[in-house]
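Undergrad: So that you have it, the file is final_21.tsv, and it contains TSV, C-alpha atoms:
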```
chain	number	residue	atom	x	y	z
V	1157	MET	CA	103.49	47.67	86.26
V	1158	ILE	CA	106.76	48.62	87.95
V	1159	GLU	CA	109.26	46.07	89.25
V	1160	ALA	CA	111.57	47.71	91.76
V	1161	ASP	CA	114.47	46.69	93.97
V	1162	LEU	CA	114.14	49.15	96.82
V	1163	HIS	CA	117.40	48.49	98.67
V	1164	VAL	CA	120.72	48.53	96.80
V	1165	HIS	CA	124.18	49.61	97.99
V	1166	SER	CA	126.91	51.20	95.87
V	1167	ARG	CA	130.65	51.53	96.46
V	1168	TYR	CA	129.88	54.53	98.65
V	1169	SER	CA	128.90	52.01	101.31
V	1170	PHE	CA	131.82	50.56	103.28
V	1171	ASP	CA	130.84	46.99	102.39
V	1172	SER	CA	130.14	47.24	98.65
V	1173	LEU	CA	132.23	47.66	95.50
V	1174	LEU	CA	129.32	48.26	93.10
V	1175	ALA	CA	129.92	51.20	90.78
V	1176	PRO	CA	126.82	53.31	89.99
V	1177	ARG	CA	127.23	52.64	86.24
V	1178	ASN	CA	127.26	48.89	86.82
V	1179	ILE	CA	124.23	49.10	89.08
V	1180	VAL	CA	122.26	50.75	86.27
V	1181	LYS	CA	123.41	48.21	83.67
V	1182	THR	CA	122.62	45.26	85.90
V	1183	ALA	CA	119.21	46.58	86.92
V	1184	LEU	CA	118.19	47.09	83.29
V	1185	LYS	CA	119.55	43.69	82.29
V	1186	LYS	CA	117.42	42.07	85.00
V	1187	GLY	CA	114.27	43.81	83.83
V	1188	LEU	CA	113.89	46.22	86.71
V	1189	SER	CA	111.99	49.46	86.17
V	1190	ALA	CA	113.21	51.15	89.34
V	1191	ILE	CA	115.83	50.86	92.07
V	1192	ALA	CA	116.53	52.67	95.31
V	1193	VAL	CA	120.21	53.22	96.06
V	1194	ALA	CA	120.55	53.55	99.83
V	1195	ASP	CA	124.13	53.72	101.05
V	1196	HIS	CA	125.10	53.82	104.70
V	1197	ASN	CA	124.74	57.37	106.00
V	1198	THR	CA	125.32	59.04	102.61
V	1199	THR	CA	123.35	59.90	99.47
V	1200	LYS	CA	126.44	60.19	97.24
V	1201	GLY	CA	125.90	56.79	95.64
V	1202	ALA	CA	122.25	57.52	94.96
V	1203	LEU	CA	123.00	60.84	93.28
V	1204	LYS	CA	125.80	59.31	91.17
V	1205	THR	CA	123.50	56.47	90.09
V	1206	MET	CA	120.80	58.96	89.14
V	1207	GLU	CA	123.32	60.68	86.86
V	1208	GLU	CA	124.30	57.39	85.25
V	1209	ALA	CA	120.65	56.52	84.58
V	1210	THR	CA	119.73	59.86	82.98
V	1211	SER	CA	119.66	58.53	79.42
V	1212	THR	CA	117.96	55.23	80.33
V	1213	SER	CA	114.46	54.14	81.27
V	1214	LEU	CA	115.51	53.21	84.81
V	1215	ILE	CA	113.99	55.17	87.70
V	1216	VAL	CA	116.57	55.72	90.42
V	1217	ILE	CA	115.09	56.64	93.78
V	1218	PRO	CA	117.55	58.59	95.94
V	1219	ALA	CA	117.79	57.13	99.42
V	1220	VAL	CA	119.98	56.66	102.47
V	1221	GLU	CA	120.31	53.93	105.09
V	1222	LEU	CA	120.75	55.40	108.55
V	1223	GLU	CA	122.32	53.66	111.51
V	1224	THR	CA	120.36	54.96	114.50
V	1225	ASP	CA	120.54	54.26	118.20
V	1226	ALA	CA	117.77	51.65	117.82
V	1227	GLY	CA	118.59	50.06	114.47
V	1228	HIS	CA	118.54	50.82	110.76
V	1229	ILE	CA	115.99	52.92	108.92
V	1230	MET	CA	115.92	54.14	105.33
V	1231	GLY	CA	114.92	57.49	103.94
V	1232	LEU	CA	113.43	57.00	100.46
V	1233	PHE	CA	113.21	60.01	98.12
V	1234	VAL	CA	115.87	61.79	100.19
V	1235	GLU	CA	118.75	63.60	98.45
V	1236	SER	CA	120.54	65.21	101.40
V	1237	GLY	CA	122.58	63.38	104.00
V	1238	ILE	CA	121.24	62.99	107.53
V	1239	GLY	CA	123.79	62.98	110.34
V	1240	ILE	CA	121.41	62.04	113.15
V	1241	GLN	CA	121.60	58.91	115.30
V	1242	ASN	CA	118.46	59.33	117.39
V	1243	ILE	CA	115.78	57.31	115.64
V	1244	ASP	CA	112.93	59.75	116.34
V	1245	GLU	CA	114.92	62.72	115.10
V	1246	ALA	CA	116.10	60.79	112.04
V	1247	ILE	CA	112.50	59.95	111.08
V	1248	ASP	CA	111.53	63.60	111.54
V	1249	GLU	CA	114.42	64.71	109.28
V	1250	ILE	CA	113.40	62.24	106.56
V	1251	LYS	CA	109.87	63.62	106.60
V	1252	GLU	CA	111.13	67.22	106.60
V	1253	GLN	CA	112.77	66.36	103.27
V	1254	ASP	CA	109.41	65.02	102.06
V	1255	GLY	CA	110.91	61.54	102.14
V	1256	VAL	CA	109.39	58.20	103.06
V	1257	ALA	CA	110.67	56.66	106.29
V	1258	VAL	CA	111.20	52.90	106.08
V	1259	LEU	CA	111.86	50.53	108.96
V	1260	LEU	CA	114.58	48.14	107.74
V	1261	HIS	CA	114.81	44.51	108.89
V	1262	PRO	CA	113.03	45.39	112.17
V	1263	ALA	CA	113.72	41.99	113.78
V	1264	ARG	CA	117.32	43.17	114.17
V	1265	MET	CA	116.33	46.32	116.07
V	1266	HIS	CA	117.44	46.72	119.66
V	1267	GLY	CA	116.29	48.65	122.68
V	1268	THR	CA	112.72	49.58	123.55
V	1269	ASN	CA	112.11	51.82	120.54
V	1270	LEU	CA	110.64	49.27	118.11
V	1271	LYS	CA	107.01	49.97	118.97
V	1272	LYS	CA	107.54	53.74	118.93
V	1273	ALA	CA	109.38	53.55	115.60
V	1274	ALA	CA	106.72	51.29	114.05
V	1275	ASN	CA	104.05	53.82	114.98
V	1276	LYS	CA	105.96	56.73	113.47
V	1277	ILE	CA	107.38	55.06	110.36
V	1278	ASP	CA	105.70	55.20	106.93
V	1279	VAL	CA	106.62	51.78	105.51
V	1280	ILE	CA	108.14	48.52	106.76
V	1281	GLU	CA	110.64	46.42	104.79
V	1282	ALA	CA	108.98	43.01	105.09
V	1283	LEU	CA	111.26	41.10	102.72
V	1284	ASN	CA	114.99	41.75	102.85
V	1285	GLY	CA	117.25	39.55	100.74
V	1286	ARG	CA	119.96	39.41	103.40
V	1287	THR	CA	117.71	38.69	106.35
V	1288	ARG	CA	116.79	35.29	107.73
V	1289	ARG	CA	113.33	34.03	106.84
V	1290	TRP	CA	111.98	34.04	110.40
V	1291	GLU	CA	113.09	37.66	110.75
V	1292	ASN	CA	111.28	38.62	107.54
V	1293	LEU	CA	108.15	36.85	108.81
V	1294	LYS	CA	108.42	38.86	112.02
V	1295	ALA	CA	108.64	42.04	109.93
V	1296	LYS	CA	105.46	41.09	108.05
V	1297	ASP	CA	103.66	40.46	111.35
V	1298	LEU	CA	104.80	43.86	112.60
V	1299	ALA	CA	103.45	45.55	109.47
V	1300	LEU	CA	100.08	43.84	109.94
V	1301	LYS	CA	99.96	44.79	113.61
V	1302	PHE	CA	100.62	48.46	112.91
V	1303	ASN	CA	98.74	48.55	109.59
V	1304	LYS	CA	101.77	49.71	107.60
V	1305	PRO	CA	102.47	49.17	103.88
V	1306	VAL	CA	105.37	46.87	103.07
V	1307	ILE	CA	108.22	46.82	100.55
V	1308	ALA	CA	110.94	44.38	99.53
V	1309	GLY	CA	114.58	44.97	98.69
V	1310	SER	CA	117.56	42.77	97.93
V	1311	ASP	CA	119.93	44.75	100.19
V	1312	ALA	CA	122.38	44.10	97.35
V	1313	HIS	CA	126.08	44.67	97.93
V	1314	LEU	CA	127.12	42.44	95.03
V	1315	GLY	CA	125.98	42.61	91.41
V	1316	PHE	CA	124.23	39.24	91.24
V	1317	GLU	CA	122.02	40.19	94.20
V	1318	ILE	CA	120.37	43.11	92.40
V	1319	GLY	CA	116.75	42.25	91.64
V	1320	CYS	CA	116.74	38.92	93.47
V	1321	VAL	CA	114.11	40.47	95.71
V	1322	ARG	CA	111.70	43.03	94.31
V	1323	THR	CA	108.54	45.02	94.95
V	1324	VAL	CA	106.02	44.91	92.10
V	1325	PHE	CA	103.64	47.88	91.92
V	1326	GLU	CA	100.59	47.10	89.82
V	1327	ASP	CA	99.58	50.58	88.68
V	1328	ALA	CA	102.61	52.78	89.22
V	1329	SER	CA	103.69	55.37	86.66
V	1330	GLU	CA	107.30	55.94	85.72
V	1331	THR	CA	108.01	59.17	87.57
V	1332	LEU	CA	109.59	59.74	90.97
V	1333	GLU	CA	106.54	61.55	92.34
V	1334	GLU	CA	104.18	58.80	91.20
V	1335	MET	CA	106.52	56.19	92.64
V	1336	ARG	CA	106.45	57.99	95.98
V	1337	LYS	CA	102.64	57.85	96.05
V	1338	HIS	CA	102.60	54.15	95.23
V	1339	VAL	CA	105.24	53.26	97.83
V	1340	ILE	CA	102.90	54.71	100.46
V	1341	LYS	CA	99.48	53.69	99.13
V	1342	GLY	CA	99.72	51.62	95.96
V	1343	LYS	CA	98.98	47.95	95.48
V	1344	ARG	CA	102.08	45.79	95.51
V	1345	MET	CA	103.47	42.27	95.61
V	1346	LEU	CA	106.72	41.17	97.23
V	1347	LEU	CA	108.74	38.69	95.19
V	1348	GLY	CA	111.97	36.78	95.79
V	1349	ARG	CA	113.70	34.92	98.57
V	1350	GLU	CA	116.47	35.27	101.08
V	1351	SER	CA	120.06	34.79	99.94
V	1352	SER	CA	122.68	32.39	101.27
V	1353	HIS	CA	124.91	33.29	104.21
V	1354	ILE	CA	127.83	32.79	101.80
V	1355	VAL	CA	126.81	36.12	100.28
V	1356	HIS	CA	127.22	37.80	103.65
V	1357	ALA	CA	130.68	36.29	103.99
V	1358	LEU	CA	131.63	37.74	100.61
V	1359	SER	CA	130.57	41.18	101.78
V	1360	PHE	CA	132.70	40.83	104.88
V	1361	GLY	CA	135.63	40.06	102.59
V	1362	ILE	CA	134.89	43.23	100.64
V	1363	GLN	CA	135.03	45.25	103.85
V	1364	VAL	CA	138.44	43.82	104.63
V	1365	VAL	CA	139.74	44.55	101.10
V	1366	LYS	CA	138.42	48.12	101.12
V	1367	TYR	CA	139.91	48.79	104.53
V	1368	THR	CA	143.27	47.23	103.64
V	1369	LEU	CA	143.62	49.04	100.31
V	1370	ARG	CA	141.99	52.24	101.61
V	1371	LEU	CA	139.46	52.14	98.78
V	1372	PRO	CA	136.70	54.79	98.74
```
Reformat the file's structure so that it appears as structure tokens.

TA:
Amino acid sequence: MIEADLHVHSRYSFDSLLAPRNIVKTALKKGLSAIAVADHNTTKGALKTMEEATSTSLIVIPAVELETDAGHIMGLFVESGIGIQNIDEAIDEIKEQDGVAVLLHPARMHGTNLKKAANKIDVIEALNGRTRRWENLKAKDLALKFNKPVIAGSDAHLGFEIGCVRTVFEDASETLEEMRKHVIKGKRMLLGRESSHIVHALSFGIQVVKYTLRLP
């Protein structure tokens, strides 16, 4: 059994201060077997976290969160950056890298591209720790409508958020390739609950601090 938090941000995101080393330590402390580090529009944090986890049992899935013209999607198992804003082209690029395209918090999507994206996407994030409950329920309904597998992620920007939401794979093996197969087809449970809006306010404060001090 693999317990995974499939949506974590490092300091390479503009609204997080989490160092890759601390992400690894916290994930192990909380009993996670795997995490996906998906920073905004960059894979630097994922690759750094993979390096930090080399001598541990933690599986780090390289990923990226992309801000497209219709909303946010995530490329799981992607190691190269993707500088594309068109949602269709971004999904195509993820798949060209043999990645898994994930529709993130779809209730927040805008425009008329939701149906098209849901058809083309591989997986839908049906439980996001920083999304309101009614929006997560809408995501679950969307996954049922389009017959898509679902995952859960904390969307952690702060250390205590890591692992508060997790995807539990019943029969997954501890390799990246096996994890990829199970994300698409394996049996899973989604565990956890949405966080307080106070957490979001803290992240906004982090953005202000990083901008003011010109932190990377």

Undergrad: What are the centre and the three edge lengths of an axis-aligned box that wraps all atoms of region 1273-1283 of chain V in the file, given that 5 Å is added to every side, written as JSON and rounded to one decimal in Å?

TA:
```
{"center_x": 107.7, "center_y": 48.9, "center_z": 109.2, "size_x": 17.2, "size_y": 25.6, "size_z": 22.9}
```

Undergrad: Suppose you want the space between CA of Cys1320 (chain V) and CA of Ile1191 (chain V); what is it in Å?

TA: 12.1 Å

Undergrad: Identify which of the residues V:His1261, V:His1313, V:Lys1272, V:Lys1343 lies closest to Ile1243 (chain V), counting all atoms listed in the file when measuring atom-to-atom distances.

TA: V:Lys1272

Undergrad: Identify which of the residues V:Asn1303, V:Thr1199, V:Asn1178, V:Asn1292 lies closest to Val1279 (chain V), counting all atoms listed in the file when measuring atom-to-atom distances.

TA: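 Closest residue, counting all atoms listed in the file: V:Asn1303.
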
Undergrad: Which value, in Å to one decimal, gives the distance between CA of Lys1337 (chain V) and CA of Leu1259 (chain V)?

TA: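 CA of Leu1259 (chain V) lies 17.5 Å from CA of Lys1337 (chain V).
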
Undergrad: At a cut-off of 10 Å, can you tabulate as a Markdown table every residue of region 1201-1319 of chain V near region 1166-1174 of chain V together with its closest atom pair and the distance in Å to one decimal, using all atoms listed in the file and ordering rows by chain then number?

TA:
```
| residue | atom | partner | partner_atom | distance |
| --- | --- | --- | --- | --- |
| V:Gly1201 | CA | V:Tyr1168 | CA | 5.5 |
| V:Ala1202 | CA | V:Ser1166 | CA | 7.9 |
| V:Lys1204 | CA | V:Ser1166 | CA | 9.4 |
| V:Thr1205 | CA | V:Ser1166 | CA | 8.5 |
| V:Glu1221 | CA | V:Ser1169 | CA | 9.6 |
| V:Ala1312 | CA | V:Ser1172 | CA | 8.5 |
| V:His1313 | CA | V:Ser1172 | CA | 4.9 |
| V:Leu1314 | CA | V:Leu1174 | CA | 6.5 |
| V:Gly1315 | CA | V:Leu1174 | CA | 6.8 |
```

Undergrad: Counting all atoms listed in the file, figure out which residue out of V:Gly1231, V:Gly1309, V:Pro1176, V:Gly1319 gets nearest to Ile1277 (chain V).

TA: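 Of V:Gly1231, V:Gly1309, V:Pro1176, V:Gly1319, the one nearest Ile1277 (chain V), counting all atoms listed in the file, is V:Gly1231.
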
Undergrad: Name the closest residue to Lys1301 (chain V) among the candidates V:Asn1275, V:Ile1318, V:Arg1344, V:Gly1285; distances are taken between atoms, counting all atoms listed in the file.

TA: V:Asn1275

Undergrad: Let me make sure I understand: among V:Pro1262, V:Thr1212, V:Arg1322, V:Thr1331, which one has the smallest atom-to-atom distance to Leu1298 (chain V) if we use all atoms listed in the file?

TA: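 Comparing V:Pro1262, V:Thr1212, V:Arg1322, V:Thr1331 against Leu1298 (chain V), the winner is V:Pro1262.
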
Undergrad: In Å to one decimal, how far is CA of Glu1223 (chain V) from CA of Ser1189 (chain V)?

TA: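 CA of Glu1223 (chain V) lies at a distance of 27.7 Å from CA of Ser1189 (chain V).
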